[in-house]
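As provided, run_25.pdb (PDB, C-alpha atoms, pLDDT in the B column) reads as follows.
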ATOM      1  CA  MET A  28     -20.679   4.543 -15.590  1.00 69.00           C
ATOM      2  CA  ALA A  29     -17.383   2.961 -16.658  1.00 79.00           C
ATOM      3  CA  ASN A  30     -17.287   0.869 -13.495  1.00 91.00           C
ATOM      4  CA  LYS A  31     -20.805  -0.404 -14.148  1.00 90.00           C
ATOM      5  CA  ILE A  32     -19.904  -1.403 -17.708  1.00 92.00           C
ATOM      6  CA  GLU A  33     -16.772  -3.194 -16.520  1.00 95.00           C
ATOM      7  CA  ARG A  34     -18.741  -5.004 -13.827  1.00 94.00           C
ATOM      8  CA  ILE A  35     -21.420  -6.113 -16.297  1.00 93.00           C
ATOM      9  CA  GLN A  36     -18.724  -7.251 -18.749  1.00 95.00           C
ATOM     10  CA  SER A  37     -17.028  -9.405 -16.127  1.00 96.00           C
ATOM     11  CA  ILE A  38     -20.353 -10.902 -14.993  1.00 95.00           C
ATOM     12  CA  ILE A  39     -21.273 -11.754 -18.578  1.00 96.00           C
ATOM     13  CA  MET A  40     -17.831 -13.244 -19.237  1.00 97.00           C
ATOM     14  CA  LYS A  41     -17.961 -15.433 -16.123  1.00 97.00           C
ATOM     15  CA  ASN A  42     -21.514 -16.632 -16.717  1.00 97.00           C
ATOM     16  CA  ILE A  43     -21.135 -17.334 -20.430  1.00 97.00           C
ATOM     17  CA  SER A  44     -17.932 -19.277 -19.718  1.00 95.00           C
ATOM     18  CA  GLU A  45     -19.802 -21.452 -17.215  1.00 95.00           C
ATOM     19  CA  ILE A  46     -22.788 -21.919 -19.532  1.00 96.00           C
ATOM     20  CA  ILE A  47     -20.572 -22.995 -22.440  1.00 95.00           C
ATOM     21  CA  GLN A  48     -18.492 -25.284 -20.263  1.00 93.00           C
ATOM     22  CA  PHE A  49     -21.259 -27.028 -18.327  1.00 93.00           C
ATOM     23  CA  GLU A  50     -24.575 -26.621 -20.146  1.00 93.00           C
ATOM     24  CA  VAL A  51     -24.056 -26.380 -23.912  1.00 93.00           C
ATOM     25  CA  LYS A  52     -24.130 -29.912 -25.275  1.00 89.00           C
ATOM     26  CA  ASN A  53     -22.705 -29.571 -28.770  1.00 86.00           C
ATOM     27  CA  PRO A  54     -20.162 -32.131 -30.016  1.00 83.00           C
ATOM     28  CA  HIS A  55     -18.730 -29.624 -32.522  1.00 80.00           C
ATOM     29  CA  LEU A  56     -17.752 -27.272 -29.738  1.00 85.00           C
ATOM     30  CA  GLY A  57     -14.250 -27.958 -28.473  1.00 82.00           C
ATOM     31  CA  PHE A  58     -12.348 -26.119 -25.761  1.00 87.00           C
ATOM     32  CA  VAL A  59     -13.418 -22.461 -25.795  1.00 90.00           C
ATOM     33  CA  SER A  60     -12.000 -19.601 -23.769  1.00 91.00           C
ATOM     34  CA  ILE A  61     -13.412 -16.110 -23.466  1.00 94.00           C
ATOM     35  CA  PRO A  62     -10.624 -13.545 -23.075  1.00 93.00           C
ATOM     36  CA  GLU A  63     -12.847 -10.472 -23.340  1.00 94.00           C
ATOM     37  CA  VAL A  64     -16.416  -9.193 -23.446  1.00 96.00           C
ATOM     38  CA  ARG A  65     -17.369  -5.705 -24.596  1.00 96.00           C
ATOM     39  CA  VAL A  66     -20.801  -4.299 -23.823  1.00 96.00           C
ATOM     40  CA  SER A  67     -22.312  -1.270 -25.549  1.00 95.00           C
ATOM     41  CA  LYS A  68     -23.039   1.822 -23.466  1.00 93.00           C
ATOM     42  CA  ASP A  69     -26.771   1.156 -23.511  1.00 93.00           C
ATOM     43  CA  PHE A  70     -26.225  -2.534 -22.557  1.00 92.00           C
ATOM     44  CA  SER A  71     -28.139  -3.735 -25.621  1.00 95.00           C
ATOM     45  CA  HIS A  72     -25.275  -5.576 -27.358  1.00 97.00           C
ATOM     46  CA  ALA A  73     -22.347  -7.630 -26.127  1.00 97.00           C
ATOM     47  CA  LYS A  74     -19.408  -8.758 -28.226  1.00 97.00           C
ATOM     48  CA  VAL A  75     -18.040 -11.949 -26.753  1.00 97.00           C
ATOM     49  CA  TYR A  76     -14.510 -12.614 -27.968  1.00 95.00           C
ATOM     50  CA  VAL A  77     -13.709 -16.324 -28.096  1.00 95.00           C
ATOM     51  CA  SER A  78     -10.582 -18.328 -28.797  1.00 91.00           C
ATOM     52  CA  PHE A  79     -10.210 -22.034 -29.431  1.00 89.00           C
ATOM     53  CA  LEU A  80      -7.522 -24.500 -28.450  1.00 84.00           C
ATOM     54  CA  ASN A  81      -7.118 -25.926 -31.950  1.00 82.00           C
ATOM     55  CA  GLU A  82      -7.133 -23.791 -35.066  1.00 80.00           C
ATOM     56  CA  ASP A  83      -9.119 -26.529 -36.810  1.00 84.00           C
ATOM     57  CA  GLU A  84     -12.046 -25.889 -34.445  1.00 85.00           C
ATOM     58  CA  ILE A  85     -12.512 -22.187 -35.248  1.00 89.00           C
ATOM     59  CA  LYS A  86     -15.072 -22.435 -38.041  1.00 91.00           C
ATOM     60  CA  GLU A  87     -17.117 -25.243 -36.474  1.00 92.00           C
ATOM     61  CA  GLY A  88     -16.818 -23.692 -33.020  1.00 93.00           C
ATOM     62  CA  LEU A  89     -18.160 -20.311 -34.120  1.00 94.00           C
ATOM     63  CA  LYS A  90     -20.955 -22.049 -36.005  1.00 94.00           C
ATOM     64  CA  ALA A  91     -21.871 -24.074 -32.886  1.00 94.00           C
ATOM     65  CA  LEU A  92     -21.783 -20.976 -30.655  1.00 95.00           C
ATOM     66  CA  ASN A  93     -23.977 -18.992 -33.037  1.00 95.00           C
ATOM     67  CA  HIS A  94     -26.384 -21.935 -33.223  1.00 94.00           C
ATOM     68  CA  SER A  95     -26.568 -22.010 -29.392  1.00 95.00           C
ATOM     69  CA  LYS A  96     -26.781 -18.219 -29.023  1.00 96.00           C
ATOM     70  CA  GLY A  97     -30.467 -18.215 -28.007  1.00 95.00           C
ATOM     71  CA  PHE A  98     -29.957 -20.883 -25.355  1.00 96.00           C
ATOM     72  CA  ILE A  99     -26.877 -19.108 -23.984  1.00 97.00           C
ATOM     73  CA  ARG A 100     -28.743 -15.794 -23.803  1.00 96.00           C
ATOM     74  CA  SER A 101     -31.743 -17.336 -22.031  1.00 96.00           C
ATOM     75  CA  GLU A 102     -29.475 -19.040 -19.484  1.00 96.00           C
ATOM     76  CA  LEU A 103     -27.610 -15.760 -19.011  1.00 96.00           C
ATOM     77  CA  ALA A 104     -30.928 -14.015 -18.318  1.00 95.00           C
ATOM     78  CA  LYS A 105     -31.642 -16.489 -15.510  1.00 95.00           C
ATOM     79  CA  ARG A 106     -28.309 -15.698 -13.853  1.00 94.00           C
ATOM     80  CA  MET A 107     -28.253 -11.908 -14.165  1.00 92.00           C
ATOM     81  CA  ASP A 108     -30.146  -9.396 -12.051  1.00 86.00           C
ATOM     82  CA  THR A 109     -30.678  -6.901 -14.841  1.00 85.00           C
ATOM     83  CA  ARG A 110     -33.816  -5.789 -16.573  1.00 86.00           C
ATOM     84  CA  ARG A 111     -32.422  -6.497 -20.034  1.00 89.00           C
ATOM     85  CA  VAL A 112     -29.903  -9.030 -21.257  1.00 94.00           C
ATOM     86  CA  PRO A 113     -27.811  -7.860 -24.207  1.00 96.00           C
ATOM     87  CA  GLU A 114     -27.865  -9.454 -27.638  1.00 97.00           C
ATOM     88  CA  ILE A 115     -24.789 -11.649 -27.938  1.00 97.00           C
ATOM     89  CA  GLU A 116     -22.353 -11.614 -30.834  1.00 97.00           C
ATOM     90  CA  PHE A 117     -19.499 -14.124 -30.852  1.00 97.00           C
ATOM     91  CA  VAL A 118     -16.263 -12.856 -32.401  1.00 95.00           C
ATOM     92  CA  TYR A 119     -13.113 -14.884 -32.956  1.00 93.00           C
ATOM     93  CA  ASP A 120     -10.147 -13.454 -31.031  1.00 90.00           C
ATOM     94  CA  ASP A 121      -6.742 -14.153 -32.535  1.00 82.00           C
ATOM     95  CA  GLY A 122      -4.855 -12.085 -29.985  1.00 75.00           C
ATOM     96  CA  TYR A 123      -2.808 -15.016 -28.733  1.00 70.00           C
ATOM     97  CA  LYS A 124      -1.412 -15.538 -32.241  1.00 69.00           C
ATOM     98  CA  LYS A 125      -0.226 -11.945 -32.290  1.00 71.00           C
ATOM     99  CA  GLU A 126       1.353 -12.399 -28.859  1.00 71.00           C
ATOM    100  CA  GLU A 127       3.168 -15.532 -30.015  1.00 72.00           C
ATOM    101  CA  ARG A 128       4.440 -13.729 -33.107  1.00 76.00           C
ATOM    102  CA  ILE A 129       5.697 -10.769 -31.049  1.00 78.00           C
ATOM    103  CA  SER A 130       7.420 -13.131 -28.609  1.00 78.00           C
ATOM    104  CA  GLU A 131       9.057 -14.932 -31.502  1.00 81.00           C
ATOM    105  CA  ILE A 132      10.307 -11.641 -32.976  1.00 82.00           C
ATOM    106  CA  LEU A 133      11.681 -10.528 -29.608  1.00 81.00           C
ATOM    107  CA  LYS A 134      13.510 -13.837 -29.143  1.00 82.00           C
ATOM    108  CA  ASN A 135      15.087 -13.458 -32.581  1.00 83.00           C
ATOM    109  CA  ILE A 136      16.189  -9.909 -31.757  1.00 83.00           C
ATOM    110  CA  ASP A 137      17.966 -11.149 -28.618  1.00 70.00           C
ATOM    111  CA  LYS A 138      19.932 -13.674 -30.682  1.00 66.00           C
TER     112      LYS A 138
END
Rewritten as structure tokens:
Amino acid sequence: MANKIERIQSIIMKNISEIIQFEVKNPHLGFVSIPEVRVSKDFSHAKVYVSFLNEDEIKEGLKALNHSKGFIRSELAKRMDTRRVPEIEFVYDDGYKKEERISEILKNIDK
């Protein structure tokens, strides 16, 4: 079961990335990357973690993604060979900030 969940997560991540990049036409949406997708065990919900290039784009970017959620889900349904397509929830991922902070601390320790 774990392999199936991982496979579905990677398919969703790849397809949503392509949909956002090539098909969503929203001027408020800047550069978006999707580092992770987590799907519930019953495949009914998917948390799509997103990060933005500029910190100024976070609020507007999440608003634009949530506004386009229905379109993204319908396009995802066309690309997936599953009976049901999960509900999508976009969540801001600030993991790269934590990584930068840890790297900075480690550099200071070396000095």
Using Å and a single decimal, report how far CA of Val64 in chain A sits from CA of Tyr76 in chain A.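 Atom-to-atom, CA of Tyr76 in chain A to CA of Val64 in chain A, that is 6.0 Å.
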Can you list what the PyMOL selection byres ((chain A and resi 85) around 12) grabs from this structure, as a list in words? His55, Leu56, Gly57, Phe58, Val59, Ser60, Val77, Ser78, Phe79, Leu80, Asn81, Glu82, Asp83, Glu84, Lys86, Glu87, Gly88, Leu89, Lys90, Ala91, Leu92, Phe117, Val118, Tyr119, Asp120 and Asp121 of chain A
Need the neighbours of (-26.1, -11.5, -32.0): which residues are at most 8 Å away, counting only C-alpha atoms, as an NGL selection string? :A and (72-73 or 93 or 96 or 114-117)
Do a neighbour search on Ile99 in chain A at 9 Å with only C-alpha atoms, toss out local chain neighbours closer than 4 positions, and write the hits as a PyMOL selection string. chain A and resi 43+46-47+50-51+92+95+103-104+115
Padding 8 Å on each side, edges along x, y and z: where is the centre of the box around the listed atoms of range 97-113 of chain A, and how long are its edges in Å to one decimal? Output it as JSON.
{"center_x": -30.3, "center_y": -13.3, "center_z": -20.0, "size_x": 22.9, "size_y": 31.1, "size_z": 32.0}
Specify as a CSV table (one decimal) with C-alpha atoms, keeping the file's coordinate frame each residue included when the PyMOL selection byres ((chain A and resi 33) around 12) is applied to this file.
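Contents of expr.csv, as written:
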chain,number,residue,atom,x,y,z
A,28,MET,CA,-20.7,4.5,-15.6
A,29,ALA,CA,-17.4,3.0,-16.7
A,30,ASN,CA,-17.3,0.9,-13.5
A,31,LYS,CA,-20.8,-0.4,-14.1
A,32,ILE,CA,-19.9,-1.4,-17.7
A,34,ARG,CA,-18.7,-5.0,-13.8
A,35,ILE,CA,-21.4,-6.1,-16.3
A,36,GLN,CA,-18.7,-7.3,-18.7
A,37,SER,CA,-17.0,-9.4,-16.1
A,38,ILE,CA,-20.4,-10.9,-15.0
A,39,ILE,CA,-21.3,-11.8,-18.6
A,40,MET,CA,-17.8,-13.2,-19.2
A,63,GLU,CA,-12.8,-10.5,-23.3
A,64,VAL,CA,-16.4,-9.2,-23.4
A,65,ARG,CA,-17.4,-5.7,-24.6
A,66,VAL,CA,-20.8,-4.3,-23.8
A,67,SER,CA,-22.3,-1.3,-25.5
A,68,LYS,CA,-23.0,1.8,-23.5
A,70,PHE,CA,-26.2,-2.5,-22.6
A,73,ALA,CA,-22.3,-7.6,-26.1
I need the residue nearest Ser101 in chain A from this list: A:Pro113, A:Pro62, A:Pro54, A:Gly122. Use only C-alpha atoms for the distance.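 Smallest separation from Ser101 in chain A among the options: A:Pro113.
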To one decimal place in Å, what is the distance between CA of His94 in chain A and CA of Gln48 in chain A?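 Result for CA of His94 in chain A versus CA of Gln48 in chain A: 15.5 Å, one decimal.
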Just how far from CA of Asn42 in chain A is CA of Glu102 in chain A, in Å to one decimal?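 So the two atoms, CA of Glu102 in chain A and CA of Asn42 in chain A, lie 8.8 Å apart.
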Shortest interatomic distance to Arg111 in chain A - which of A:Ser44, A:Ser71, A:Ile136, A:Ser130, counting all atoms listed in the file: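 Of A:Ser44, A:Ser71, A:Ile136, A:Ser130, the one nearest Arg111 in chain A is A:Ser71, counting all atoms listed in the file.
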Would you mind telling me which residue in A:Lys52, A:Lys41, A:Lys134, A:Lys125 lies nearest to Met107 in chain A when using all atoms listed in the file?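 The answer is A:Lys41, which sits nearest to Met107 in chain A.
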